[in-house]
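What follows is the content of start.pdb, which has PDB, C-alpha atoms:
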ATOM      1  CA  MET A   1      46.810 -40.739 -56.355
ATOM      2  CA  GLY A   2      47.010 -39.197 -59.817
ATOM      3  CA  ASN A   3      49.495 -39.464 -62.612
ATOM      4  CA  ILE A   4      52.807 -38.452 -61.027
ATOM      5  CA  ALA A   5      56.132 -37.975 -62.807
ATOM      6  CA  VAL A   6      59.649 -36.980 -61.788
ATOM      7  CA  CYS A   7      61.831 -34.811 -64.016
ATOM      8  CA  PRO A   8      65.381 -35.227 -62.663
ATOM      9  CA  GLY A   9      68.579 -33.407 -63.506
ATOM     10  CA  SER A  10      71.443 -31.346 -62.206
ATOM     11  CA  PHE A  11      70.014 -28.145 -63.780
ATOM     12  CA  ASP A  12      73.277 -26.211 -63.325
ATOM     13  CA  PRO A  13      71.671 -23.917 -64.384
ATOM     14  CA  ILE A  14      68.196 -24.497 -65.803
ATOM     15  CA  THR A  15      67.971 -23.546 -69.503
ATOM     16  CA  PHE A  16      65.089 -22.907 -71.897
ATOM     17  CA  GLY A  17      65.596 -26.510 -73.070
ATOM     18  CA  HIS A  18      64.966 -27.852 -69.555
ATOM     19  CA  LEU A  19      62.031 -25.499 -69.115
ATOM     20  CA  ASP A  20      60.506 -26.693 -72.384
ATOM     21  CA  ILE A  21      60.576 -30.317 -71.178
ATOM     22  CA  ILE A  22      59.154 -29.379 -67.749
ATOM     23  CA  LYS A  23      56.292 -27.346 -69.266
ATOM     24  CA  ARG A  24      55.399 -30.074 -71.745
ATOM     25  CA  GLY A  25      55.606 -32.737 -69.034
ATOM     26  CA  ALA A  26      53.276 -30.668 -66.841
ATOM     27  CA  LYS A  27      50.666 -30.828 -69.621
ATOM     28  CA  VAL A  28      50.817 -34.641 -69.683
ATOM     29  CA  PHE A  29      51.071 -35.463 -65.964
ATOM     30  CA  ASP A  30      48.899 -34.382 -63.016
ATOM     31  CA  GLN A  31      51.972 -33.662 -60.863
ATOM     32  CA  VAL A  32      55.599 -33.168 -61.911
ATOM     33  CA  TYR A  33      58.374 -33.196 -59.348
ATOM     34  CA  VAL A  34      61.462 -31.454 -60.690
ATOM     35  CA  CYS A  35      64.201 -33.202 -58.769
ATOM     36  CA  VAL A  36      67.577 -31.480 -58.534
ATOM     37  CA  LEU A  37      70.065 -34.278 -58.070
ATOM     38  CA  ASN A  38      73.281 -33.687 -56.211
ATOM     39  CA  ASN A  39      75.666 -35.370 -58.665
ATOM     40  CA  THR A  40      78.963 -35.799 -56.820
ATOM     41  CA  ALA A  41      80.768 -36.533 -60.117
ATOM     42  CA  LYS A  42      80.074 -33.005 -61.336
ATOM     43  CA  HIS A  43      81.466 -29.758 -59.936
ATOM     44  CA  PRO A  44      78.452 -27.439 -60.026
ATOM     45  CA  LEU A  45      78.603 -23.665 -60.356
ATOM     46  CA  PHE A  46      75.409 -23.223 -58.323
ATOM     47  CA  THR A  47      74.596 -24.897 -55.011
ATOM     48  CA  VAL A  48      71.658 -27.313 -54.922
ATOM     49  CA  GLU A  49      69.675 -24.666 -53.005
ATOM     50  CA  GLU A  50      70.449 -21.982 -55.601
ATOM     51  CA  ARG A  51      69.423 -24.302 -58.432
ATOM     52  CA  CYS A  52      66.144 -25.192 -56.692
ATOM     53  CA  GLU A  53      65.375 -21.521 -56.111
ATOM     54  CA  LEU A  54      66.042 -20.612 -59.767
ATOM     55  CA  ILE A  55      63.799 -23.455 -60.953
ATOM     56  CA  ARG A  56      61.045 -22.454 -58.510
ATOM     57  CA  GLU A  57      61.227 -18.902 -59.840
ATOM     58  CA  VAL A  58      60.919 -19.909 -63.512
ATOM     59  CA  THR A  59      58.186 -22.529 -62.889
ATOM     60  CA  LYS A  60      56.089 -20.522 -60.406
ATOM     61  CA  ASP A  61      53.318 -20.133 -63.006
ATOM     62  CA  ILE A  62      52.989 -23.909 -63.479
ATOM     63  CA  PRO A  63      50.767 -25.018 -60.572
ATOM     64  CA  ASN A  64      51.407 -28.767 -60.859
ATOM     65  CA  VAL A  65      55.212 -28.485 -60.670
ATOM     66  CA  VAL A  66      57.034 -29.005 -57.370
ATOM     67  CA  VAL A  67      60.797 -28.436 -57.084
ATOM     68  CA  GLU A  68      62.874 -30.445 -54.620
ATOM     69  CA  SER A  69      66.390 -31.782 -54.267
ATOM     70  CA  PHE A  70      67.528 -35.296 -53.537
ATOM     71  CA  HIS A  71      70.763 -37.038 -52.683
ATOM     72  CA  GLY A  72      70.955 -40.725 -53.544
ATOM     73  CA  LEU A  73      69.438 -43.023 -56.129
ATOM     74  CA  LEU A  74      66.826 -41.450 -58.386
ATOM     75  CA  ILE A  75      64.667 -44.565 -58.143
ATOM     76  CA  ASP A  76      64.436 -44.118 -54.342
ATOM     77  CA  TYR A  77      63.129 -40.579 -54.830
ATOM     78  CA  VAL A  78      60.640 -41.726 -57.495
ATOM     79  CA  GLN A  79      59.309 -44.436 -55.162
ATOM     80  CA  LYS A  80      59.102 -41.994 -52.231
ATOM     81  CA  LYS A  81      56.901 -39.693 -54.340
ATOM     82  CA  ASN A  82      54.696 -42.594 -55.514
ATOM     83  CA  ALA A  83      55.525 -41.575 -59.070
ATOM     84  CA  GLN A  84      55.068 -43.970 -61.964
ATOM     85  CA  THR A  85      57.179 -42.148 -64.522
ATOM     86  CA  ILE A  86      60.566 -40.506 -65.013
ATOM     87  CA  ILE A  87      60.652 -37.729 -67.648
ATOM     88  CA  ARG A  88      63.867 -37.330 -69.645
ATOM     89  CA  GLY A  89      64.641 -34.914 -72.462
ATOM     90  CA  LEU A  90      66.600 -36.075 -75.498
ATOM     91  CA  ARG A  91      68.609 -33.710 -77.700
ATOM     92  CA  ALA A  92      70.532 -36.095 -79.934
ATOM     93  CA  VAL A  93      71.447 -39.735 -80.538
ATOM     94  CA  SER A  94      74.347 -39.334 -78.093
ATOM     95  CA  ASP A  95      71.821 -38.509 -75.333
ATOM     96  CA  PHE A  96      69.863 -41.651 -76.184
ATOM     97  CA  GLU A  97      72.836 -43.953 -75.568
ATOM     98  CA  TYR A  98      73.506 -42.389 -72.156
ATOM     99  CA  GLU A  99      69.806 -42.354 -71.209
ATOM    100  CA  MET A 100      69.342 -45.971 -72.285
ATOM    101  CA  GLN A 101      71.917 -47.087 -69.702
ATOM    102  CA  GLY A 102      70.198 -45.184 -66.886
ATOM    103  CA  THR A 103      66.759 -46.378 -67.931
ATOM    104  CA  SER A 104      67.924 -49.996 -68.103
ATOM    105  CA  MET A 105      69.402 -49.759 -64.608
ATOM    106  CA  ASN A 106      66.235 -48.158 -63.254
ATOM    107  CA  ARG A 107      64.193 -51.030 -64.760
ATOM    108  CA  VAL A 108      66.383 -53.508 -62.865
ATOM    109  CA  LEU A 109      65.820 -51.572 -59.621
ATOM    110  CA  ASP A 110      62.049 -51.167 -60.130
ATOM    111  CA  GLU A 111      60.332 -52.628 -63.182
ATOM    112  CA  ASN A 112      57.123 -50.689 -62.404
ATOM    113  CA  ILE A 113      58.700 -47.288 -63.106
ATOM    114  CA  GLU A 114      58.509 -46.178 -66.741
ATOM    115  CA  THR A 115      60.744 -43.621 -68.442
ATOM    116  CA  PHE A 116      59.031 -41.079 -70.676
ATOM    117  CA  PHE A 117      61.425 -39.647 -73.281
ATOM    118  CA  MET A 118      60.612 -36.282 -74.820
ATOM    119  CA  MET A 119      62.468 -34.892 -77.805
ATOM    120  CA  THR A 120      63.732 -31.418 -77.061
ATOM    121  CA  ASN A 121      62.312 -28.625 -79.184
ATOM    122  CA  SER A 122      64.679 -28.352 -82.176
ATOM    123  CA  GLN A 123      65.585 -24.753 -81.312
ATOM    124  CA  TYR A 124      67.192 -26.091 -78.090
ATOM    125  CA  SER A 125      68.816 -29.228 -79.520
ATOM    126  CA  PHE A 126      72.342 -27.798 -79.114
ATOM    127  CA  LEU A 127      71.716 -26.338 -75.674
ATOM    128  CA  SER A 128      73.340 -27.580 -72.483
ATOM    129  CA  SER A 129      74.075 -26.063 -69.094
ATOM    130  CA  SER A 130      77.786 -26.486 -69.842
ATOM    131  CA  ILE A 131      77.545 -24.417 -73.040
ATOM    132  CA  VAL A 132      75.547 -21.721 -71.229
ATOM    133  CA  LYS A 133      78.144 -21.493 -68.436
ATOM    134  CA  GLU A 134      80.997 -21.296 -70.947
ATOM    135  CA  VAL A 135      79.349 -18.470 -72.901
ATOM    136  CA  ALA A 136      78.398 -16.621 -69.693
ATOM    137  CA  LYS A 137      81.925 -16.969 -68.318
ATOM    138  CA  TYR A 138      83.271 -15.029 -71.285
ATOM    139  CA  LYS A 139      80.438 -12.478 -71.119
ATOM    140  CA  GLY A 140      78.632 -13.705 -74.237
ATOM    141  CA  ASP A 141      74.917 -13.092 -74.772
ATOM    142  CA  ILE A 142      72.881 -15.885 -73.159
ATOM    143  CA  SER A 143      69.515 -14.099 -73.159
ATOM    144  CA  GLU A 144      68.116 -16.512 -75.777
ATOM    145  CA  LEU A 145      69.323 -19.565 -73.825
ATOM    146  CA  VAL A 146      68.088 -19.050 -70.255
ATOM    147  CA  PRO A 147      65.329 -17.160 -68.427
ATOM    148  CA  GLU A 148      66.270 -13.637 -67.309
ATOM    149  CA  VAL A 149      66.582 -14.566 -63.620
ATOM    150  CA  VAL A 150      69.079 -17.286 -64.560
ATOM    151  CA  GLU A 151      70.999 -14.895 -66.809
ATOM    152  CA  LYS A 152      71.331 -12.447 -63.893
ATOM    153  CA  ALA A 153      72.444 -15.237 -61.538
ATOM    154  CA  LEU A 154      75.127 -16.332 -64.027
ATOM    155  CA  ILE A 155      76.378 -12.770 -64.497
ATOM    156  CA  ASN A 156      76.633 -12.441 -60.699
ATOM    157  CA  LYS A 157      78.540 -15.741 -60.427
ATOM    158  CA  PHE A 158      81.118 -14.682 -62.998
ATOM    159  CA  ASN A 159      81.622 -11.124 -61.693
TER     160      ASN A 159
END

Entire entry expressed as structure tokens:
Amino acid sequence: MGNIAVCPGSFDPITFGHLDIIKRGAKVFDQVYVCVLNNTAKHPLFTVEERCELIREVTKDIPNVVVESFHGLLIDYVQKKNAQTIIRGLRAVSDFEYEMQGTSMNRVLDENIETFFMMTNSQYSFLSSSIVKEVAKYKGDISELVPEVVEKALINKFN
């Protein structure tokens, strides 16, 4: 069966911070499913399909990463993939409080699923998809924040 993990998120769009967590997770786990969640509370810039395609493009050189989307409870997706672990990136203490709630709920739903927290590389500790979109919207330089294919997709969205 192997050591399978799920790295969930909205990834709207994927940033170098997300990519850092995915790459590091892929070194620890045999298989990593990057799961693009369709969060109805958020109003995404990119469709789920566009986000999946961007992630596939920037992770194509990581053979044990699979990109999919899912609508519903994360724990249902994790169980469907026979994964034992959820990977989450942490930037700051504020992330921890939010993540602790989700992790606690997931433990209630399935106590056999563990959450693996990874501290984001310090150079990405300020980085969020929201910040990237805001800078891109006003034509700021985002080349240090996202892969080139994502930068081009953002420029196209805002033109």

How close does stretch 3-69 of chain A get to stretch 121-127 of chain A? List, as a tab-separated table, each residue of stretch 3-69 of chain A within 12 Å, its nearest atom pair and the distance in Å to one decimal, counting all atoms listed in the file.
residue	atom	partner	partner_atom	distance
A:Pro13	CA	A:Leu127	CA	11.5
A:Ile14	CA	A:Leu127	CA	10.6
A:Thr15	CA	A:Leu127	CA	7.7
A:Phe16	CA	A:Tyr124	CA	7.3
A:Gly17	CA	A:Tyr124	CA	5.3
A:His18	CA	A:Tyr124	CA	9.0
A:Leu19	CA	A:Tyr124	CA	10.4
A:Asp20	CA	A:Asn121	CA	7.3
A:Ile21	CA	A:Asn121	CA	8.4
A:Ile22	CA	A:Asn121	CA	11.9
A:Lys23	CA	A:Asn121	CA	11.7
A:Arg24	CA	A:Asn121	CA	10.3

The residues within 12 Å of (75.7, -13.4, -61.2), using only C-alpha atoms and the coordinates of the file, should be reported as a list in words; which are they?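 Applying the cut-off with only C-alpha atoms, one gets Pro13, Leu45, Phe46, Glu50, Lys133, Ala136, Lys137, Lys139, Glu148, Val149, Val150, Glu151, Lys152, Ala153, Leu154, Ile155, Asn156, Lys157, Phe158 and Asn159 of chain A.
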
Residue nearest A:Met119 among A:Leu37, A:Leu54, A:Ala92, A:Ile86 (counting only C-alpha atoms):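 Of A:Leu37, A:Leu54, A:Ala92, A:Ile86, the one nearest A:Met119 is A:Ala92, counting only C-alpha atoms.
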
Take the PyMOL selection byres ((chain A and resi 102) around 12), apply it to the structure above, and return the hits as a PyMOL selection string. chain A and resi 8+73-75+86+88+95-101+103-109+114-115

For the provided coordinates, the residues matched by the PyMOL selection byres ((chain A and resi 26-34) around 7) should be stated as a VMD selection string. chain A and resid 2 to 8 22 to 25 35 to 36 64 to 68

Run the PyMOL selection byres ((chain A and resi 84) around 6) mentally over the shown coordinates, then write out the matched residues as a PyMOL selection string, using the chain letters and numbers from the document. chain A and resi 83+85+113
